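Novice: Next up is a structure, given as structure tokens.
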Amino acid sequence: MSTAEKIWPKGWPPEIRETPSRFKRAIGKYWVRRSSLCNDCGICVDLCPYGVHRKIGTKMLLPRDYRCIGFVCQETDHYCINKCPEKALTLIRNPMCDAMGDKRWTADLLISTWYQAETGEVPPGDLEYKVGDSGGGFDKLRFKFELEGERPKEIPDKKEISTSILLNRRNDKRPKVAISVPFYGGGMSFGSVSLTTMLARAKAAMAWNTFTCTGEGGYPEALVPYADYIITQVATGLFGVREETIQRARVVEFKYAQGAKPGLGGHLLGDKVTQAVAKMREAVAGSALFSPFPFHSVYSVEDHKKHVDWIKEVNPHALVAVKVSTPTDVDMVAVGSYYAGAHIIHLDGSYGGTGAAPNIAKKNIAMPIEYAIPKVHRFLIDEGIRDEMVIMASGGIRTAYDIAKAIALGADGAVIGTSELVALECIRCGNCESGRGCPRGIATTDPELTKLMELNWGAQRIINLFNAWHSQLVDILRRLGIQSIKDLVGRTDCLVHLDYM
Amino acid sequence: MPKKYHIDTRPTPPRFTPIGKSGVMDWRTGCLRCKRCAKTTCVYGVYNLRTFNSRQLADSIDYYCKNCFRCVQSCPVGLITKTINPEYLEMGDTYWTPDIISSTWYQAETGKIPVSGAGYGGPFVGDGFDDMWTDMSEIVRPTRDGIHGREYINTSIDLGRKLPYLSFNAEGKLISEPPSLVEIPLPIIFGELPMGNLNETIYLAIAQAAYRLGTFLVVTPEEFLRPYAQNIIPLLSQEVLNRNLEWVHEAKIIALPHSETIKQSIERIKTARSEAPVLVKLPLTPKAKELVTQLTMEGVDIVHVYADTHGRELESTSPRFIKEMVMEIHLHLVEKHMRDQVTLVASGGIAMAEHVAKIIICGADGVVIDLPLLVALECRLCKDCLQGESCPVEIQDIEPDWGAQRIINLMSAWHGQLLEVLGAMGLREIRRLRGEMGRAMFYQDLEREIFGAIFGEKRGDN
Amino acid sequence: MIGIHKKQVVIFFCQNMGYKKADLGQLLRLPHNVSTRFVELPCSGKIEPQFLLKIFETGIDAIFVLGCLDGTCHHVEGNRKMRKRVQYLKDILGEIDMDRDRLEMFQISSDPELDIEHVVSEIDKRITSLSPSPLK
């Protein structure tokens, strides 16, 4: 294993630039307030290494308190609250944290993801960036090195560590596509998200030599320059699927089901079907679009194989990914996909998803991804075909630690969606479907709301987030004493579950 | 194919400003008077719609705001902040959470299925109904596409007993007489309300909803319900039975509370009117399993088992949850080869559409609901009425038509959600879902089977 | 319901003060001929000035706002802002020839060390001395 194995298209690593929030006031975990007692002396400006306090000329600006590390700063020698000669500064926990986020994406996780997207680095201070508060699954799993006691031998040199994975492990003479980080972007269709969002994701995928997925709403022309980093999706509605879109792609994904609404079809509200969307999907503007569940032509593994063969025939160089949800027999589905000739089985767990879905489906239908990964992994090993299949996991993977845990449970890599949107300052208010769409201009086709976001800003935010994740993944591998992320697959011995200790 | 079941919904706005989750704090002092104030750019126009009801002391901003935080982040001096409305957090209790109440209000108002983006945000697993997931099918199993009406999914169930076998005479003629069944298009019956400042109008609203939906209302009969007699299951106590049998002749199904003398009461009804199915209302106590079996043998057609409003077993020191109780009763009946001779309906703790599907998976044929009806009529579950205080939403003054439409809207939303669950499982009949425990995944099983194999023995719950 | 023959008082209080509705009812020992409505707020600074006037319009006799002590506001400056607003509104009440004493803000906390007896007696005094609202 050497560094040569890594494939980086243009320079390594991608350039990280500070990309602050597009809104006037970013939200942080703490509030620093400056009272009228302040006499603009500027001591705090020199004191704070995080750039909370700023001064222009002789005037102090409002504190950038989202950068403050909070009460842990008390132990350092740059705690501005105590050092202020006029006692003009106050520090409290941001009361808005109570109103933000939920059990899975806590306010801390949202804020830390924004921080990583802004700076490209792991957040300092006591901001939680690894787990949420859902009380099960990933949130109860820890790597052994995170706990006291036994520590594996660490690798001293980070440069020796590889995070690249292969997406084709079959020896079928198709290209051995490799991605440099063990995750790629999940499908978000044009129509459900804005073109800017899609392009930002594509640019970030190109910078990190990984993929992003078009979703089922067709392949906008603007994405063609990034064609090498784009997975095109063939979903039940077959919207915008053409021969040339399939021939363009290095990976073609079949969407049988999605974790947000397992067993249910897609539904794009009439309001969101603008002229551009309708053209892409070859439909009429203003009328709601349904994509059915399931593929009405697939009722068996044989039908499934016929589908895969069709894609392989249209594009002899493409890899085929199969996106399925997680029913009780997900292991059988995975084996079926192997025999149908797929390269990648993409398991989409029930708690994830970015698109609008009925609450009853998100909560209740299909099992969480944490159970599905080991189930499929073990079954494929027992069948003796694990070495030929690539398992990608998604649906509730929020952080770099979630990715590493998913891999240790038996996946090869992860597919992410919500995290990228959070990097673009999604706050997970869940109103993607109501009115004109996303009020923050991410998941909308409303011309005015779309203007809220700039392409380069968005791309850089996602690149930054990936950088933070990459460094965390490298750090995890280093501390586990593992040289390549490929060797982490199925290493459940590296994990502990807090309920089983 | 039967005529498709369709529920007519109509937007039915609430009479009072509902309690919203958001608490917007808007401070003004220090305002820079920007030309393009963050408030004017609100996508939902919350600040323009904002009103104040000085009688209720309710600010409608808490209801309209959708928590997108745009104004919070766009105001250059940070004058707007947000919290959660404390009144929202105080609604209901640990089981009937504020989220359940406000989602029920939404469904009663619009008749639509609650939809949101960005994944599920709740805990990984919870108590009661929250520790199971329903199954779905793909590729290797057939699937259904019932949500948008392309394939018809039937949600009707039969109330009444079915014969275990048919008997024929020597000529091959059928000699056993099939008992009469009553079919309802939804697996949901309405029940008596456990609290509230109740009066005629409220029951008239529910009865009207039952009539328009084609289902029933189990209730102690009163004269004013006579116009809806075809959709009432009269709950007749011993005294009423002794007094007169008017309702027995009028109703399609007759209900009896469980008592020591239940056998005589059943006989009395059967002699007066042999064809009408008899429903017995039985508390879910530790003896429930034996009692259901016994009642079935005695010829009861429908057993309605009820737990308390949180779905907990009654008269027990360590109450079990209704889901486990129903599962046990169902399996016991299956073991005794008499499951089909009785219809089992359950009530208590049924708060959301998913609970209907889950209790049916656990072995019930249908459910009886009570509190959701009250919540549909804007009840805030403050329980002030239990202390004899007045109702903050003046529930006693509703219009029956308005109330009936709210309930119909709620049922339409629940019906839609049942279709989602059934469609995902590839079922076209809710009757086939009964007792299909293989169509569900239980937390304990998954933990043991998957994490147990990796991490070994699970730490005890103590 | 608010009875017509009783004096009607609305008390707004902050949820972070440490008291709940029941505690406050007990603490303030309001006389029986007063009908009181307690409204819990995320912060005393949440209530807007024009809304307070609207409440007076419906014929309420008095409004008291209970906020946190200076420097302990959960939202840093909500109580300070509310105090300014109450002062401003009292001026308006004076201008329209209503009793300025109908509106007051008190800053208390649940700290047992703190003596809030003067607040209790002040509220009591205000209520007993009030004449019915001229807007009723």
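Letters A, B, ... go to the chains of the structure tokens in the order shown; residues in each chain start at 1; ligands are counted from 1 in the same order.
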Using DSSP on the backbone coordinates, identify all residues within region 231-390 of chain B classified as strand (DSSP E); present the result as a VMD selection string.
Specialist: chain B and resid 232 to 234 254 to 257 278 to 283 302 to 306 343 to 347 366 to 369
Novice: Please build the interface table for chain C against chain B with a cut-off of 12 Å, listing for each qualifying residue the nearest atom pair and the distance in Å to one decimal; count only C-alpha atoms, order rows by chain and increasing number, and write it as CSV.
Specialist:
residue,atom,partner,partner_atom,distance
C:Met1,CA,B:Ser390,CA,6.5
C:Ile2,CA,B:Arg55,CA,9.9
C:Gly3,CA,B:Ser390,CA,11.8
C:Gln8,CA,B:Arg55,CA,11.8
C:Val10,CA,B:Leu57,CA,9.2
C:Ile11,CA,B:Leu57,CA,10.8
C:Phe12,CA,B:Leu57,CA,10.0
C:Phe13,CA,B:Pro86,CA,11.1
C:Cys14,CA,B:Pro86,CA,9.5
C:Gln15,CA,B:Pro86,CA,7.1
C:Asn16,CA,B:Pro86,CA,10.0
C:Lys20,CA,B:Pro86,CA,10.7
C:Lys21,CA,B:Glu87,CA,11.2
C:Arg37,CA,B:Leu57,CA,9.3
C:Phe38,CA,B:Leu57,CA,9.9
C:Val39,CA,B:Leu57,CA,7.9
C:Glu40,CA,B:Pro86,CA,6.7
C:Leu41,CA,B:Pro86,CA,6.5
C:Pro42,CA,B:Asn85,CA,6.1
C:Cys43,CA,B:Met25,CA,7.9
C:Ser44,CA,B:Met25,CA,9.5
C:Gly45,CA,B:Trp27,CA,6.9
C:Lys46,CA,B:Met25,CA,5.0
C:Ile47,CA,B:Met25,CA,8.1
C:Glu48,CA,B:Asp26,CA,8.1
C:Pro49,CA,B:Trp27,CA,10.4
C:Gln50,CA,B:Phe52,CA,9.3
C:Phe51,CA,B:Phe52,CA,6.6
C:Leu52,CA,B:Ser54,CA,8.5
C:Leu53,CA,B:Ser54,CA,9.2
C:Lys54,CA,B:Ser54,CA,6.1
C:Ile55,CA,B:Ser54,CA,5.1
C:Phe56,CA,B:Ser54,CA,8.6
C:Glu57,CA,B:Ser54,CA,8.4
C:Thr58,CA,B:Ser54,CA,6.9
C:Gly59,CA,B:Arg55,CA,10.0
C:Ile60,CA,B:Arg55,CA,9.7
C:Ile63,CA,B:Leu57,CA,11.9
C:His74,CA,B:Thr83,CA,10.6
C:His75,CA,B:Thr81,CA,8.4
C:Val76,CA,B:Thr81,CA,11.1
C:Glu77,CA,B:Trp27,CA,9.2
C:Gly78,CA,B:Trp27,CA,7.5
C:Asn79,CA,B:Trp27,CA,10.4
C:Arg80,CA,B:Thr29,CA,10.0
C:Lys81,CA,B:Thr29,CA,6.8
C:Met82,CA,B:Trp27,CA,8.6
C:Arg83,CA,B:Thr29,CA,11.3
C:Lys84,CA,B:Thr29,CA,8.9
C:Arg85,CA,B:Thr29,CA,9.0
C:Tyr88,CA,B:Thr29,CA,12.0
Novice: Might you pull out every residue within 12 Å of Ala393 (chain A), with only C-alpha atoms counted and same-chain residues fewer than 4 positions away left off, and present them as a PyMOL selection string?
Specialist: chain A and resi 182-186+258-259+321-326+344-350+352+368-374+376-377+397-398+402-417
Novice: Between A:Gly28, A:Gly263, A:Gly215, A:Pro156, which residue has the minimum interatomic distance to Met136 (chain B), considering only C-alpha atoms?
Specialist: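 When distances to Met136 (chain B) are compared using only C-alpha atoms, the smallest one comes from A:Gly263.
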Novice: Could you tell me which residues of chain A sit within 10 Å of chain C when counting only C-alpha atoms, and give me the result as a ChimeraX atom specification?
Specialist: /A:31-33,35,90-96
